[in-house]
Amino acid sequence: MKFKKAIITGITGQDGSYLAEFLLKKKYIVHGIKRKSSSFNSSRIDHIYENKSYKNKFFLHYGDLLDSNSLTKIIRKVSPDEIYNFAAQSHVGVSFELPNYTSQVNSIGTLNLLQAINDCGLSQKTKFYQASTSELYGEIQEKRQSEKTPFYPKSPYATSKLFAYWITKNYRESYKIFASNGILFNHESPRRGETFVTRKITIGLSRIIHGLEKCLNLGNIYSLRDWGHARDYVEMCWKVLQFQKPDDFVIATEKQYSVKFFVDQCFKYLKIKIRWSGKGLNEYAKIIDFDKKKYPNLKINMVVIKISKKYFRPNEVNNLIGNANKAKKLLKWKPKINIHQLIKEMMDADLENSRKLILR
């Protein structure tokens, strides 16, 4: 029996690690590309690498999206059936601080992968998936964003991803590569990076509960987002490459919530009552009721959420919600995990992480 071979860039990230698990269960041979660095960043995939049942099925290679020679060498050696490009500088806020680096990795990195497929003579064999983003829409042109909604990126991150989106389409049309874009709306999990707002919230509240921190500072709590679970979304990424022809698809839950709602639901799950007061930068939340035996580090009237100007973006995107009708119709996909299940999973994981910090 011939097993399919897949390459995943960004294998050590949230999406890469979940996709690796998914593909291994589908009997793929999985090759991951990770950057060589002085610090280890493999915690999300250590359990896969150490699993004896995946011996000779899971491999890691050192490579860099900005080093076209390393990419060509790996792709030629593996001769993959599918490539999933999840590698990116994906934090919007950081992209304002590192616009040059963000632009190179996200745009030229994607170009290097596509050109490597061509240079290796694999344009008729290897299918290519580009992880695109809802941040492309930026300044909203339609109430619900679909594949036909005009783009209006509002950050260096989104702008770099716009190049990646179009270069993927260009190589599809110019060289007949099976190259598809998945326009992913926000997707979270316990493996989400610690600087992203949902994870920042669950980590912050967990540390407050364990007495490791006293207050959590947030930015624009009225931003509206379409939040799904990364585990659901990587299945959709796979479905995009199994479709009969290369195409572009919005991946979204079609439900929208504010950052403030996410905070409220976290407290609700913890069974801690809070009250919001003030407006603008003076808005805050304090605790008004809780189980004193369960949460000995908390106090009545303790201020646990404050708003900080530091965390507002220079060019804010306030409102994103996807229209995934095309994916639902053609790929027969719909998300399985709702926001309440997502919050439970993230809170439980970070409560355990904080407990371990105390025990060290």
# chains A, B, ... in the order shown; residues from 1 in each chain; ligands from 1

$ closest_atom_pairs --of "range 129-180 of chain A" --to "range 305-325 of chain A" --cutoff "8 Å" --atoms "only C-alpha atoms" --output "tab-separated table"
residue	atom	partner	partner_atom	distance
A:Ser134	CA	A:Leu320	CA	7.3
A:Glu135	CA	A:Val317	CA	7.9
A:Tyr137	CA	A:Leu320	CA	7.9
A:Gly138	CA	A:Val317	CA	5.6
A:Glu139	CA	A:Val317	CA	6.7
A:Ile140	CA	A:Asn319	CA	7.2
A:Lys143	CA	A:Ile321	CA	7.6
A:Arg144	CA	A:Gly322	CA	5.3
A:Gln145	CA	A:Gly322	CA	4.8
A:Ser146	CA	A:Asn323	CA	4.9
A:Lys154	CA	A:Asn315	CA	6.1
A:Ser155	CA	A:Asn315	CA	6.8

$ residues_around --residues "range 98-104 of chain A" --least-positions-apart "3" --cutoff "8 Å" --atoms "only C-alpha atoms" --output "short mmCIF file (atom, residue, chain, number, x, y, z; two decimals) with C-alpha atoms, in the first residue's frame"
data_model
loop_
_atom_site.label_atom_id
_atom_site.label_comp_id
_atom_site.auth_asym_id
_atom_site.auth_seq_id
_atom_site.Cartn_x
_atom_site.Cartn_y
_atom_site.Cartn_z
CA LEU A 66 13.69 32.59 3.24
CA ALA A 88 4.42 32.70 9.07
CA GLN A 89 4.95 35.63 11.36
CA SER A 90 1.27 35.53 12.23
CA VAL A 94 4.02 42.20 16.12
CA SER A 95 3.82 42.89 12.38
CA SER A 107 5.17 36.75 1.13
CA ILE A 108 8.58 35.74 -0.24
CA GLY A 109 8.46 32.54 1.85
CA PRO A 156 1.77 44.66 7.58
CA TYR A 157 0.72 41.09 8.42
CA THR A 159 -0.67 43.00 3.47
CA SER A 160 2.03 40.33 3.36
#

$ residues_around --residues "Leu113 in chain A" --least-positions-apart "4" --cutoff "8 Å" --atoms "only C-alpha atoms" --output "list in words"
Leu65, Ser68, Leu71, Thr72, Gly109 and Ile117 of chain A

$ write_last_selection --atoms "N, CA and C atoms" --output "CSV table (one decimal), in the first residue's frame"
chain,number,residue,atom,x,y,z
A,65,LEU,N,11.9,29.4,5.3
A,65,LEU,CA,11.2,29.9,4.2
A,65,LEU,C,11.9,30.9,3.3
A,68,SER,N,15.7,29.5,0.0
A,68,SER,CA,15.1,28.8,-1.1
A,68,SER,C,15.8,27.5,-1.4
A,71,LEU,N,14.6,24.8,1.1
A,71,LEU,CA,13.3,24.3,0.7
A,71,LEU,C,13.3,23.4,-0.5
A,72,THR,N,14.1,23.8,-1.5
A,72,THR,CA,14.2,22.9,-2.7
A,72,THR,C,14.8,21.6,-2.4
A,109,GLY,N,8.4,33.9,1.4
A,109,GLY,CA,8.5,32.5,1.9
A,109,GLY,C,7.5,31.7,1.1
A,117,ILE,N,8.5,23.9,-5.9
A,117,ILE,CA,7.6,22.9,-6.5
A,117,ILE,C,7.9,22.8,-8.0

$ closest_residue --among "A:Ser132, A:Ser189, A:Thr202, A:Ser174" --to "Leu216 in chain A" --atoms "only C-alpha atoms"
A:Thr202

$ closest_residue --among "A:Glu188, A:Asp15, A:Glu283, A:Asp264" --to "Gly219 in chain A" --atoms "only C-alpha atoms"
A:Glu283

$ residues_around --residues "range 168-171 of chain A" --least-positions-apart "3" --cutoff "9 Å" --atoms "only C-alpha atoms" --output "PDB file with N, CA, C and O atoms, in the first residue's frame"
ATOM      1  N   THR A 110       6.292  32.191   0.845  1.00  0.00           N
ATOM      2  CA  THR A 110       5.295  31.463   0.055  1.00  0.00           C
ATOM      3  C   THR A 110       5.747  31.315  -1.389  1.00  0.00           C
ATOM      4  O   THR A 110       5.630  30.243  -1.995  1.00  0.00           O
ATOM      5  N   LEU A 111       6.275  32.389  -1.944  1.00  0.00           N
ATOM      6  CA  LEU A 111       6.802  32.348  -3.319  1.00  0.00           C
ATOM      7  C   LEU A 111       7.910  31.296  -3.438  1.00  0.00           C
ATOM      8  O   LEU A 111       7.951  30.523  -4.414  1.00  0.00           O
ATOM      9  N   LEU A 114       6.408  27.768  -3.679  1.00  0.00           N
ATOM     10  CA  LEU A 114       5.775  27.513  -4.977  1.00  0.00           C
ATOM     11  C   LEU A 114       6.821  27.336  -6.075  1.00  0.00           C
ATOM     12  O   LEU A 114       6.706  26.451  -6.924  1.00  0.00           O
ATOM     13  N   GLN A 115       7.863  28.167  -6.043  1.00  0.00           N
ATOM     14  CA  GLN A 115       8.912  28.054  -7.051  1.00  0.00           C
ATOM     15  C   GLN A 115       9.698  26.755  -6.884  1.00  0.00           C
ATOM     16  O   GLN A 115      10.117  26.139  -7.869  1.00  0.00           O
ATOM     17  N   PHE A 128      -0.657  22.124  -3.255  1.00  0.00           N
ATOM     18  CA  PHE A 128      -0.148  23.149  -2.331  1.00  0.00           C
ATOM     19  C   PHE A 128      -1.300  23.866  -1.635  1.00  0.00           C
ATOM     20  O   PHE A 128      -2.228  24.335  -2.283  1.00  0.00           O
ATOM     21  N   TYR A 129      -1.224  23.928  -0.307  1.00  0.00           N
ATOM     22  CA  TYR A 129      -2.227  24.649   0.477  1.00  0.00           C
ATOM     23  C   TYR A 129      -1.577  25.859   1.134  1.00  0.00           C
ATOM     24  O   TYR A 129      -0.585  25.734   1.856  1.00  0.00           O
ATOM     25  N   GLN A 130      -2.137  27.031   0.897  1.00  0.00           N
ATOM     26  CA  GLN A 130      -1.656  28.259   1.521  1.00  0.00           C
ATOM     27  C   GLN A 130      -2.640  28.709   2.605  1.00  0.00           C
ATOM     28  O   GLN A 130      -3.825  28.914   2.340  1.00  0.00           O
ATOM     29  N   PHE A 163      -0.172  39.291  -0.605  1.00  0.00           N
ATOM     30  CA  PHE A 163       0.776  38.856  -1.636  1.00  0.00           C
ATOM     31  C   PHE A 163       0.778  37.339  -1.732  1.00  0.00           C
ATOM     32  O   PHE A 163       0.746  36.777  -2.836  1.00  0.00           O
ATOM     33  N   ALA A 164       0.835  36.663  -0.581  1.00  0.00           N
ATOM     34  CA  ALA A 164       0.874  35.191  -0.570  1.00  0.00           C
ATOM     35  C   ALA A 164      -0.380  34.605  -1.216  1.00  0.00           C
ATOM     36  O   ALA A 164      -0.310  33.619  -1.953  1.00  0.00           O
ATOM     37  N   TYR A 165      -1.526  35.226  -0.927  1.00  0.00           N
ATOM     38  CA  TYR A 165      -2.793  34.775  -1.514  1.00  0.00           C
ATOM     39  C   TYR A 165      -2.736  34.871  -3.039  1.00  0.00           C
ATOM     40  O   TYR A 165      -3.047  33.909  -3.753  1.00  0.00           O
ATOM     41  N   SER A 174      -0.647  30.072 -13.840  1.00  0.00           N
ATOM     42  CA  SER A 174       0.499  30.137 -14.755  1.00  0.00           C
ATOM     43  C   SER A 174       1.156  28.784 -14.986  1.00  0.00           C
ATOM     44  O   SER A 174       1.598  28.484 -16.110  1.00  0.00           O
ATOM     45  N   TYR A 175       1.239  27.977 -13.916  1.00  0.00           N
ATOM     46  CA  TYR A 175       1.982  26.716 -14.004  1.00  0.00           C
ATOM     47  C   TYR A 175       1.116  25.483 -13.754  1.00  0.00           C
ATOM     48  O   TYR A 175       1.629  24.370 -13.692  1.00  0.00           O
ATOM     49  N   LYS A 176      -0.191  25.700 -13.620  1.00  0.00           N
ATOM     50  CA  LYS A 176      -1.153  24.599 -13.434  1.00  0.00           C
ATOM     51  C   LYS A 176      -0.868  23.771 -12.170  1.00  0.00           C
ATOM     52  O   LYS A 176      -1.186  22.583 -12.115  1.00  0.00           O
ATOM     53  N   ILE A 177      -0.259  24.405 -11.170  1.00  0.00           N
ATOM     54  CA  ILE A 177      -0.069  23.734  -9.881  1.00  0.00           C
ATOM     55  C   ILE A 177      -1.417  23.671  -9.169  1.00  0.00           C
ATOM     56  O   ILE A 177      -2.207  24.620  -9.214  1.00  0.00           O
ATOM     57  N   PHE A 178      -1.691  22.553  -8.510  1.00  0.00           N
ATOM     58  CA  PHE A 178      -2.898  22.446  -7.684  1.00  0.00           C
ATOM     59  C   PHE A 178      -2.608  23.241  -6.409  1.00  0.00           C
ATOM     60  O   PHE A 178      -2.138  22.710  -5.406  1.00  0.00           O
ATOM     61  N   ALA A 179      -2.875  24.552  -6.484  1.00  0.00           N
ATOM     62  CA  ALA A 179      -2.547  25.466  -5.387  1.00  0.00           C
ATOM     63  C   ALA A 179      -3.816  26.162  -4.914  1.00  0.00           C
ATOM     64  O   ALA A 179      -4.493  26.822  -5.700  1.00  0.00           O
ATOM     65  N   SER A 180      -4.141  26.013  -3.638  1.00  0.00           N
ATOM     66  CA  SER A 180      -5.389  26.542  -3.085  1.00  0.00           C
ATOM     67  C   SER A 180      -5.134  27.392  -1.849  1.00  0.00           C
ATOM     68  O   SER A 180      -4.188  27.155  -1.092  1.00  0.00           O
ATOM     69  N   ASN A 181      -5.998  28.392  -1.658  1.00  0.00           N
ATOM     70  CA  ASN A 181      -5.966  29.224  -0.455  1.00  0.00           C
ATOM     71  C   ASN A 181      -7.121  28.857   0.477  1.00  0.00           C
ATOM     72  O   ASN A 181      -8.263  28.714   0.036  1.00  0.00           O
ATOM     73  N   ASP A 247      -8.884  25.599  -5.590  1.00  0.00           N
ATOM     74  CA  ASP A 247      -9.827  26.697  -5.431  1.00  0.00           C
ATOM     75  C   ASP A 247      -9.539  27.388  -4.100  1.00  0.00           C
ATOM     76  O   ASP A 247      -8.679  26.950  -3.330  1.00  0.00           O
ATOM     77  N   ASP A 248     -10.274  28.442  -3.807  1.00  0.00           N
ATOM     78  CA  ASP A 248     -10.092  29.207  -2.578  1.00  0.00           C
ATOM     79  C   ASP A 248     -11.366  29.147  -1.741  1.00  0.00           C
ATOM     80  O   ASP A 248     -12.473  29.300  -2.277  1.00  0.00           O
TER      81      ASP A 248
END

$ atom_distance --atom1 "CA of Lys299 in chain A" --atom2 "CA of Val259 in chain A"
24.0 Å

$ atom_distance --atom1 "CA of Asn56 in chain A" --atom2 "CA of His229 in chain A"
29.2 Å

$ closest_residue --among "A:Thr133, A:Gln244, A:Asn69, A:Gln141" --to "Asp226 in chain A" --atoms "only C-alpha atoms"
A:Thr133
